[in-house]
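Engineer: Once you've had a glance at the structure underneath, I'll fire off some questions.
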Amino acid sequence: MFVLVYVDDIIVASSSTAATHALLQDLQHEFALKDLGDLHYFLGIEVKRNQEGLVLSQQKYASDILSRAGMSNCKSIDTPLATSEKLSLTDGDKLGTEDSTKYHSMVGALQYLTLTRPDICYAVNKVCQFLHAPTMVHWSAVKRILRYIKGSWNTGLKISKSNSMIISAFSDADWAGCVDDRRSTGGFAVFLGSNIISWSARKQATVSRSSTEAEYKALANATAKMMWVQKLLQELGVPHVRTARLWCDNLGAKYLTANPVFHARTKHIEIDFHFVRERVAKKLLDVRFISSGDQLADVFTKPVSAARIKWFCSNLNFVSD
């Protein structure tokens, strides 16, 4: 049985209907409780059922964001960020106090929207990096994200029954992609069977001196998340495949996970090296190569074209009403 509690909202999930009813009856003896039946809405996340499973979306929340920004009737666009644009701290004139407050409010709202919208994760992470001193160029980038949401506000994340219980992930990094400090952006997408359950787009804490180093750091972060998912499934008593699988499009990073000879040349990432290498040696992690054209984590590390983001959304189990 699984119980999720947030203040006075509770989700109860169990493979046994009788166990669920028994728990609710016990809670009703102690608290004033109202059973709302099957899950439909929780903390701004809408849950719809269909023949294949569940669809998680934030349609009303997305609509509210557009309304707050005064962009309910704006013209939609196919991508959240332009592929040719490199945002920088020094671009454009700084916003005034009132506009800066609005910028903070919109970016904060967009962060919550990424709970069901991994397709905007990289773009939102990028505009978050300018919260301390936003400019007109940064505000234009936020409005572009809103225009993208306008064209895809009814998109949801499909969660369906899967024949596989293997934990797999795609890991990628954009080496030295930030024009201000040349730090890399790492990203990953974690799947349980065919369902995406976790994702991330984040600038790395230190500057990487090679693309292999940047990729290996991203690979280590993905490994840590998969370990957390494995631990959670163990605590919930959910059976799953013991060896997780990680897909990486950098051969140097892949070889580094299995070949100790490379260690002498990579002492600057020694902690990440030993962390991942230990999982591989214990056969708890299987790192495999994938071509860049098939790399699903690419959308979390850089702006991509309209055709590419459509392909990503399809493979990330996005559906539209």
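Quick note on naming: the chains in the structure tokens go A, B, ... in the order shown, residues restart at 1 in each chain, and ligands are numbered from 1 in order of appearance.
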Could you write out, as a PyMOL selection string, all the residues of region 84-193 of chain A that DSSP marks as strand (DSSP E)?
Structural biologist: chain A and resi 155-160+167-174+185-192
Engineer: What lies within 8 Å of Gly44 (chain A) using only C-alpha atoms, ignoring chain neighbours under 2 positions off, as an MDAnalysis selection string?
Structural biologist: chainID A and resid 41:42 46 58 60:61
Engineer: Just to be explicit: take each residue in the selection above, keep N, CA and C atoms, and write the result as a PDB file, in the first residue's frame.
Structural biologist:
```pdb
ATOM      1  N   TYR A  41      -7.820  14.777  -9.208  1.00  0.00           N
ATOM      2  CA  TYR A  41      -7.116  16.067  -9.122  1.00  0.00           C
ATOM      3  C   TYR A  41      -6.316  16.101  -7.828  1.00  0.00           C
ATOM      4  N   PHE A  42      -5.033  16.483  -7.914  1.00  0.00           N
ATOM      5  CA  PHE A  42      -4.195  16.540  -6.721  1.00  0.00           C
ATOM      6  C   PHE A  42      -3.121  17.597  -6.911  1.00  0.00           C
ATOM      7  N   GLU A  46      -4.008  17.104 -12.858  1.00  0.00           N
ATOM      8  CA  GLU A  46      -5.232  16.406 -13.241  1.00  0.00           C
ATOM      9  C   GLU A  46      -4.902  14.974 -13.645  1.00  0.00           C
ATOM     10  N   GLN A  58      -1.563  19.190 -16.433  1.00  0.00           N
ATOM     11  CA  GLN A  58      -1.818  20.413 -15.673  1.00  0.00           C
ATOM     12  C   GLN A  58      -2.481  21.446 -16.588  1.00  0.00           C
ATOM     13  N   LYS A  60      -5.441  23.041 -16.546  1.00  0.00           N
ATOM     14  CA  LYS A  60      -6.014  24.229 -15.909  1.00  0.00           C
ATOM     15  C   LYS A  60      -4.907  25.136 -15.387  1.00  0.00           C
ATOM     16  N   TYR A  61      -3.871  24.538 -14.809  1.00  0.00           N
ATOM     17  CA  TYR A  61      -2.762  25.320 -14.283  1.00  0.00           C
ATOM     18  C   TYR A  61      -2.052  26.064 -15.408  1.00  0.00           C
TER      19      TYR A  61
END
```
Engineer: Counting only C-alpha atoms, give me one row per residue of region 178-295 of chain A with an atom at most 12 Å from an atom of region 110-125 of chain A, showing the shortest contact pair and its distance in Å to one decimal, sorted by chain then residue number, as CSV.
Structural biologist:
```
residue,atom,partner,partner_atom,distance
A:Thr185,CA,A:Tyr122,CA,8.9
A:Gly186,CA,A:Tyr122,CA,9.7
A:Gly187,CA,A:Tyr122,CA,8.4
A:Phe188,CA,A:Pro118,CA,10.4
A:Ala189,CA,A:Pro118,CA,8.9
A:Val190,CA,A:Pro118,CA,11.4
A:Ile196,CA,A:Pro118,CA,9.6
A:Ile197,CA,A:Thr116,CA,9.9
A:Ser198,CA,A:Pro118,CA,8.9
A:Trp199,CA,A:Pro118,CA,6.8
A:Ser200,CA,A:Cys121,CA,7.1
A:Ala201,CA,A:Tyr122,CA,5.3
A:Arg202,CA,A:Asn125,CA,6.7
A:Lys203,CA,A:Asn125,CA,8.2
A:Gln204,CA,A:Asn125,CA,11.9
```
Engineer: Tell me, as a PyMOL selection string, which residues lie within 9 Å of Ala244 (chain A), counting only C-alpha atoms; anything in the same chain fewer than 5 positions away does not count.
Structural biologist: chain A and resi 166-169+223+226-227+230+283-287
Engineer: Go ahead and save the residues from that selection, with N, CA, C and O atoms, as an mmCIF file, in the first residue's frame.
Structural biologist:
```cif
data_model
loop_
_atom_site.group_PDB
_atom_site.id
_atom_site.type_symbol
_atom_site.label_atom_id
_atom_site.label_comp_id
_atom_site.auth_asym_id
_atom_site.auth_seq_id
_atom_site.Cartn_x
_atom_site.Cartn_y
_atom_site.Cartn_z
ATOM 1 N N ILE A 166 12.067 -3.126 -15.819
ATOM 2 C CA ILE A 166 13.466 -2.715 -15.779
ATOM 3 C C ILE A 166 13.542 -1.195 -15.598
ATOM 4 O O ILE A 166 12.739 -0.444 -16.158
ATOM 5 N N ILE A 167 14.485 -0.757 -14.788
ATOM 6 C CA ILE A 167 14.740 0.677 -14.607
ATOM 7 C C ILE A 167 15.808 1.069 -15.616
ATOM 8 O O ILE A 167 16.920 0.522 -15.604
ATOM 9 N N SER A 168 15.484 1.992 -16.491
ATOM 10 C CA SER A 168 16.433 2.420 -17.521
ATOM 11 C C SER A 168 16.484 3.944 -17.558
ATOM 12 O O SER A 168 15.557 4.614 -17.087
ATOM 13 N N ALA A 169 17.553 4.467 -18.098
ATOM 14 C CA ALA A 169 17.700 5.921 -18.164
ATOM 15 C C ALA A 169 18.512 6.311 -19.388
ATOM 16 O O ALA A 169 19.329 5.535 -19.889
ATOM 17 N N THR A 223 22.749 7.858 -12.541
ATOM 18 C CA THR A 223 22.930 6.648 -11.748
ATOM 19 C C THR A 223 22.386 6.830 -10.334
ATOM 20 O O THR A 223 21.723 5.947 -9.779
ATOM 21 N N MET A 226 18.623 6.621 -10.415
ATOM 22 C CA MET A 226 18.158 5.252 -10.584
ATOM 23 C C MET A 226 18.299 4.448 -9.298
ATOM 24 O O MET A 226 17.442 3.619 -8.971
ATOM 25 N N MET A 227 19.373 4.702 -8.541
ATOM 26 C CA MET A 227 19.535 4.042 -7.256
ATOM 27 C C MET A 227 18.404 4.419 -6.309
ATOM 28 O O MET A 227 17.882 3.575 -5.569
ATOM 29 N N GLN A 230 15.313 2.528 -7.348
ATOM 30 C CA GLN A 230 15.433 1.126 -6.918
ATOM 31 C C GLN A 230 15.120 0.981 -5.433
ATOM 32 O O GLN A 230 14.411 0.053 -5.017
ATOM 33 N N LYS A 283 27.554 -5.402 -11.108
ATOM 34 C CA LYS A 283 26.511 -5.779 -12.077
ATOM 35 C C LYS A 283 25.134 -5.263 -11.678
ATOM 36 O O LYS A 283 24.104 -5.896 -11.929
ATOM 37 N N LEU A 284 25.141 -4.079 -11.048
ATOM 38 C CA LEU A 284 23.891 -3.402 -10.723
ATOM 39 C C LEU A 284 23.560 -2.331 -11.754
ATOM 40 O O LEU A 284 22.478 -1.739 -11.719
ATOM 41 N N LEU A 285 24.520 -2.072 -12.644
ATOM 42 C CA LEU A 285 24.333 -1.052 -13.676
ATOM 43 C C LEU A 285 24.954 -1.530 -14.977
ATOM 44 O O LEU A 285 26.098 -1.998 -14.997
ATOM 45 N N ASP A 286 24.211 -1.406 -16.042
ATOM 46 C CA ASP A 286 24.681 -1.792 -17.377
ATOM 47 C C ASP A 286 24.655 -0.540 -18.251
ATOM 48 O O ASP A 286 23.589 -0.032 -18.596
ATOM 49 N N VAL A 287 25.835 -0.009 -18.567
ATOM 50 C CA VAL A 287 25.936 1.207 -19.379
ATOM 51 C C VAL A 287 26.098 0.818 -20.837
ATOM 52 O O VAL A 287 27.020 0.066 -21.187
#
```
Engineer: What's around region 306-311 of chain A at 10 Å? Count only C-alpha atoms, leave out sequence neighbours fewer than 2 positions away in its own chain, and write the answer as a VMD selection string.
Structural biologist: chain A and resid 77 to 83 119 to 120 293 to 294 296 298 to 299 303 to 304 313 to 316 318
Engineer: Write to file, as a short mmCIF file (atom, residue, chain, number, x, y, z; two decimals), in the first residue's frame, the residues of the selection just made, with all heavy atoms.
Structural biologist:
```
data_model
loop_
_atom_site.label_atom_id
_atom_site.label_comp_id
_atom_site.auth_asym_id
_atom_site.auth_seq_id
_atom_site.Cartn_x
_atom_site.Cartn_y
_atom_site.Cartn_z
N ILE A 77 3.71 28.78 -30.71
CA ILE A 77 4.97 28.51 -31.39
C ILE A 77 5.36 27.06 -31.13
O ILE A 77 4.89 26.45 -30.17
CB ILE A 77 6.06 29.49 -30.91
CG1 ILE A 77 7.20 29.60 -31.91
CG2 ILE A 77 6.56 29.14 -29.51
CD1 ILE A 77 8.11 30.79 -31.66
N ASP A 78 6.22 26.51 -31.96
CA ASP A 78 6.50 25.07 -31.92
C ASP A 78 7.61 24.65 -30.98
O ASP A 78 7.76 23.46 -30.68
CB ASP A 78 6.83 24.56 -33.33
CG ASP A 78 5.64 24.62 -34.27
OD1 ASP A 78 4.51 24.52 -33.77
OD2 ASP A 78 5.86 24.75 -35.48
N THR A 79 8.43 25.59 -30.52
CA THR A 79 9.54 25.24 -29.64
C THR A 79 9.62 26.22 -28.48
O THR A 79 9.35 27.41 -28.65
CB THR A 79 10.89 25.26 -30.40
OG1 THR A 79 11.11 26.57 -30.93
CG2 THR A 79 10.89 24.24 -31.52
N PRO A 80 10.03 25.76 -27.29
CA PRO A 80 10.11 26.68 -26.14
C PRO A 80 11.31 27.62 -26.18
O PRO A 80 11.29 28.67 -25.55
CB PRO A 80 10.20 25.73 -24.94
CG PRO A 80 10.75 24.46 -25.50
CD PRO A 80 10.25 24.36 -26.90
N LEU A 81 12.37 27.25 -26.91
CA LEU A 81 13.54 28.12 -27.08
C LEU A 81 14.04 28.01 -28.51
O LEU A 81 13.96 26.95 -29.13
CB LEU A 81 14.68 27.71 -26.13
CG LEU A 81 14.59 28.12 -24.66
CD1 LEU A 81 15.82 27.62 -23.91
CD2 LEU A 81 14.46 29.63 -24.49
N ALA A 82 14.56 29.12 -29.04
CA ALA A 82 15.13 29.10 -30.39
C ALA A 82 16.45 28.34 -30.38
O ALA A 82 17.27 28.52 -29.48
CB ALA A 82 15.33 30.53 -30.88
N THR A 83 16.66 27.50 -31.37
CA THR A 83 17.88 26.70 -31.42
C THR A 83 19.13 27.55 -31.64
O THR A 83 20.23 27.15 -31.26
CB THR A 83 17.78 25.65 -32.55
OG1 THR A 83 17.52 26.32 -33.79
CG2 THR A 83 16.67 24.66 -32.27
N ASP A 119 9.14 18.42 -21.48
CA ASP A 119 9.56 19.08 -22.71
C ASP A 119 9.99 20.53 -22.50
O ASP A 119 10.70 21.09 -23.33
CB ASP A 119 8.46 19.00 -23.77
CG ASP A 119 7.14 19.56 -23.28
OD1 ASP A 119 6.84 19.44 -22.07
OD2 ASP A 119 6.38 20.10 -24.11
N ILE A 120 9.56 21.15 -21.39
CA ILE A 120 9.97 22.54 -21.13
C ILE A 120 11.01 22.61 -20.02
O ILE A 120 11.39 23.70 -19.59
CB ILE A 120 8.76 23.43 -20.77
CG1 ILE A 120 8.11 22.96 -19.45
CG2 ILE A 120 7.75 23.45 -21.90
CD1 ILE A 120 7.07 23.94 -18.92
N GLY A 293 21.40 10.49 -32.42
CA GLY A 293 20.09 10.66 -33.05
C GLY A 293 18.96 10.00 -32.29
O GLY A 293 17.80 10.39 -32.45
N ASP A 294 19.29 9.01 -31.45
CA ASP A 294 18.28 8.30 -30.67
C ASP A 294 18.31 8.67 -29.19
O ASP A 294 17.61 8.07 -28.38
CB ASP A 294 18.48 6.79 -30.80
CG ASP A 294 18.27 6.30 -32.22
OD1 ASP A 294 17.38 6.84 -32.90
OD2 ASP A 294 19.01 5.38 -32.65
N LEU A 296 17.29 10.28 -26.06
CA LEU A 296 16.09 10.96 -25.55
C LEU A 296 16.43 12.10 -24.60
O LEU A 296 15.64 13.03 -24.44
CB LEU A 296 15.18 9.95 -24.85
CG LEU A 296 14.41 8.99 -25.74
CD1 LEU A 296 13.59 8.02 -24.89
CD2 LEU A 296 13.48 9.75 -26.68
N ASP A 298 18.55 14.35 -24.95
CA ASP A 298 19.03 15.53 -25.67
C ASP A 298 18.16 16.75 -25.40
O ASP A 298 18.64 17.87 -25.34
CB ASP A 298 19.04 15.21 -27.17
CG ASP A 298 20.05 16.06 -27.93
OD1 ASP A 298 21.10 16.37 -27.35
OD2 ASP A 298 19.78 16.41 -29.08
N VAL A 299 16.86 16.53 -25.21
CA VAL A 299 15.92 17.62 -25.00
C VAL A 299 16.14 18.31 -23.66
O VAL A 299 15.65 19.42 -23.44
CB VAL A 299 14.47 17.10 -25.11
CG1 VAL A 299 14.10 16.27 -23.90
CG2 VAL A 299 13.48 18.24 -25.30
N PRO A 303 18.50 23.54 -26.68
CA PRO A 303 17.29 23.79 -27.48
C PRO A 303 17.30 22.88 -28.71
O PRO A 303 18.35 22.61 -29.29
CB PRO A 303 17.44 25.26 -27.90
CG PRO A 303 18.47 25.84 -27.00
CD PRO A 303 19.39 24.72 -26.64
N VAL A 304 16.14 22.37 -29.09
CA VAL A 304 16.04 21.49 -30.25
C VAL A 304 14.99 22.01 -31.21
O VAL A 304 14.16 22.85 -30.87
CB VAL A 304 15.71 20.04 -29.83
CG1 VAL A 304 16.82 19.45 -28.99
CG2 VAL A 304 14.39 19.99 -29.06
N CYS A 313 8.62 14.22 -27.61
CA CYS A 313 7.35 14.15 -26.90
C CYS A 313 6.65 12.81 -27.16
O CYS A 313 6.04 12.23 -26.26
CB CYS A 313 6.44 15.30 -27.32
SG CYS A 313 6.98 16.91 -26.68
N SER A 314 6.76 12.33 -28.38
CA SER A 314 6.17 11.04 -28.72
C SER A 314 6.83 9.92 -27.94
O SER A 314 6.16 9.02 -27.41
CB SER A 314 6.31 10.78 -30.22
OG SER A 314 5.86 9.48 -30.56
N ASN A 315 8.16 9.95 -27.81
CA ASN A 315 8.88 8.90 -27.12
C ASN A 315 8.86 9.06 -25.60
O ASN A 315 9.18 8.12 -24.88
CB ASN A 315 10.33 8.86 -27.60
CG ASN A 315 10.48 8.22 -28.96
OD1 ASN A 315 10.57 7.01 -29.09
ND2 ASN A 315 10.47 9.04 -30.02
N LEU A 316 8.49 10.25 -25.13
CA LEU A 316 8.35 10.47 -23.69
C LEU A 316 6.92 10.22 -23.21
O LEU A 316 6.56 10.56 -22.09
CB LEU A 316 8.79 11.91 -23.32
CG LEU A 316 10.26 12.22 -23.51
CD1 LEU A 316 10.52 13.69 -23.21
CD2 LEU A 316 11.14 11.34 -22.64
N PHE A 318 3.95 11.47 -24.38
CA PHE A 318 3.04 12.60 -24.33
C PHE A 318 1.81 12.31 -25.19
O PHE A 318 1.91 11.74 -26.26
CB PHE A 318 3.72 13.86 -24.87
CG PHE A 318 4.43 14.67 -23.82
CD1 PHE A 318 5.17 14.04 -22.85
CD2 PHE A 318 4.36 16.04 -23.81
CE1 PHE A 318 5.84 14.75 -21.88
CE2 PHE A 318 5.02 16.77 -22.85
CZ PHE A 318 5.77 16.12 -21.87
#
```
Engineer: Just the number, please: distance in Å from CA of Ala69 (chain A) to CA of Ser140 (chain A), one decimal.
Structural biologist: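 That distance, rounded to one decimal, is 12.2 Å.
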Engineer: With distances taken over only C-alpha atoms, which of A:Ser160, A:Thr206, A:Asn154, A:Ser211 is nearest to Glu52 (chain A)?
Structural biologist: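 Looking at the shortest contact to Glu52 (chain A), the residue is A:Ser160.
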Engineer: Identify, with DSSP run on backbone atoms, the residues in region 160-220 of chain A assigned to helix (DSSP H, G or I), and express the list as a PyMOL selection string.
Structural biologist: chain A and resi 211-220
Engineer: Please produce an output containing N, CA, C and O atoms for each residue in the selection, written as a PDB file, in the first residue's frame.
Structural biologist:
```pdb
ATOM      1  N   SER A 211      34.495  16.837 -23.091  1.00  0.00           N
ATOM      2  CA  SER A 211      33.122  16.381 -23.271  1.00  0.00           C
ATOM      3  C   SER A 211      32.883  15.075 -22.510  1.00  0.00           C
ATOM      4  O   SER A 211      31.789  14.842 -21.980  1.00  0.00           O
ATOM      5  N   THR A 212      33.921  14.234 -22.419  1.00  0.00           N
ATOM      6  CA  THR A 212      33.792  12.977 -21.681  1.00  0.00           C
ATOM      7  C   THR A 212      33.536  13.240 -20.203  1.00  0.00           C
ATOM      8  O   THR A 212      32.703  12.573 -19.573  1.00  0.00           O
ATOM      9  N   GLU A 213      34.234  14.222 -19.651  1.00  0.00           N
ATOM     10  CA  GLU A 213      34.020  14.563 -18.240  1.00  0.00           C
ATOM     11  C   GLU A 213      32.595  15.054 -18.011  1.00  0.00           C
ATOM     12  O   GLU A 213      31.930  14.658 -17.046  1.00  0.00           O
ATOM     13  N   ALA A 214      32.111  15.931 -18.896  1.00  0.00           N
ATOM     14  CA  ALA A 214      30.743  16.451 -18.766  1.00  0.00           C
ATOM     15  C   ALA A 214      29.716  15.321 -18.861  1.00  0.00           C
ATOM     16  O   ALA A 214      28.762  15.252 -18.080  1.00  0.00           O
ATOM     17  N   GLU A 215      29.928  14.426 -19.814  1.00  0.00           N
ATOM     18  CA  GLU A 215      29.015  13.300 -19.994  1.00  0.00           C
ATOM     19  C   GLU A 215      29.066  12.362 -18.791  1.00  0.00           C
ATOM     20  O   GLU A 215      28.037  11.817 -18.379  1.00  0.00           O
ATOM     21  N   TYR A 216      30.251  12.161 -18.234  1.00  0.00           N
ATOM     22  CA  TYR A 216      30.388  11.245 -17.103  1.00  0.00           C
ATOM     23  C   TYR A 216      29.713  11.804 -15.862  1.00  0.00           C
ATOM     24  O   TYR A 216      29.119  11.057 -15.068  1.00  0.00           O
ATOM     25  N   LYS A 217      29.788  13.125 -15.670  1.00  0.00           N
ATOM     26  CA  LYS A 217      29.093  13.743 -14.544  1.00  0.00           C
ATOM     27  C   LYS A 217      27.579  13.561 -14.680  1.00  0.00           C
ATOM     28  O   LYS A 217      26.890  13.256 -13.698  1.00  0.00           O
ATOM     29  N   ALA A 218      27.077  13.756 -15.895  1.00  0.00           N
ATOM     30  CA  ALA A 218      25.646  13.560 -16.132  1.00  0.00           C
ATOM     31  C   ALA A 218      25.266  12.107 -15.905  1.00  0.00           C
ATOM     32  O   ALA A 218      24.212  11.790 -15.346  1.00  0.00           O
ATOM     33  N   LEU A 219      26.143  11.202 -16.330  1.00  0.00           N
ATOM     34  CA  LEU A 219      25.918   9.764 -16.158  1.00  0.00           C
ATOM     35  C   LEU A 219      25.862   9.404 -14.673  1.00  0.00           C
ATOM     36  O   LEU A 219      25.018   8.618 -14.236  1.00  0.00           O
ATOM     37  N   ALA A 220      26.740  10.016 -13.871  1.00  0.00           N
ATOM     38  CA  ALA A 220      26.754   9.749 -12.429  1.00  0.00           C
ATOM     39  C   ALA A 220      25.475  10.257 -11.771  1.00  0.00           C
ATOM     40  O   ALA A 220      24.919   9.605 -10.872  1.00  0.00           O
TER      41      ALA A 220
END
```
Engineer: At a cut-off of 10 Å, using only C-alpha atoms, what residues contact Val319 (chain A)? Leave out same-chain residues fewer than 4 positions from it and give the result as a VMD selection string.
Structural biologist: chain A and resid 55 to 57 152 154 to 158 313 to 314
Engineer: With distances taken over only C-alpha atoms, which residue among A:Thr17, A:Ser63, A:Gln25, A:Ser162 lies nearest Asp38 (chain A)?
Structural biologist: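 For Asp38 (chain A), the nearest of the given residues is A:Thr17.
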Engineer: Could you state the separation of CA of Asn250 (chain A) and CA of Asn221 (chain A) in Å, given to one decimal place?
Structural biologist: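 Spanning CA of Asn250 (chain A) to CA of Asn221 (chain A) is a straight-line distance of 15.3 Å.
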Engineer: I'd like to know which of A:Ser15, A:Thr243, A:Ser210, A:Thr101 is closest to Trp175 (chain A), using only C-alpha atoms.
Structural biologist: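 Nearest to Trp175 (chain A): A:Ser210.
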Engineer: Measure the distance from CA of Ser105 (chain A) to CA of Lys150 (chain A) in Å and round it to one decimal.
Structural biologist: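 These atoms are spaced 17.9 Å apart.
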Engineer: Find, counting only C-alpha atoms, the residue in A:Ala281, A:Lys75, A:Asp8, A:Ser88 that gets nearest to Ala32 (chain A).
Structural biologist: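 The answer is A:Asp8, which sits nearest to Ala32 (chain A).
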Engineer: Could you check the closest approach to Thr135 (chain A) for each of A:Val207, A:Val276, A:Leu27, A:Leu95 and tell me which residue wins, using only C-alpha atoms?
Structural biologist: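 Under the stated criterion, the closest residue is A:Leu95.
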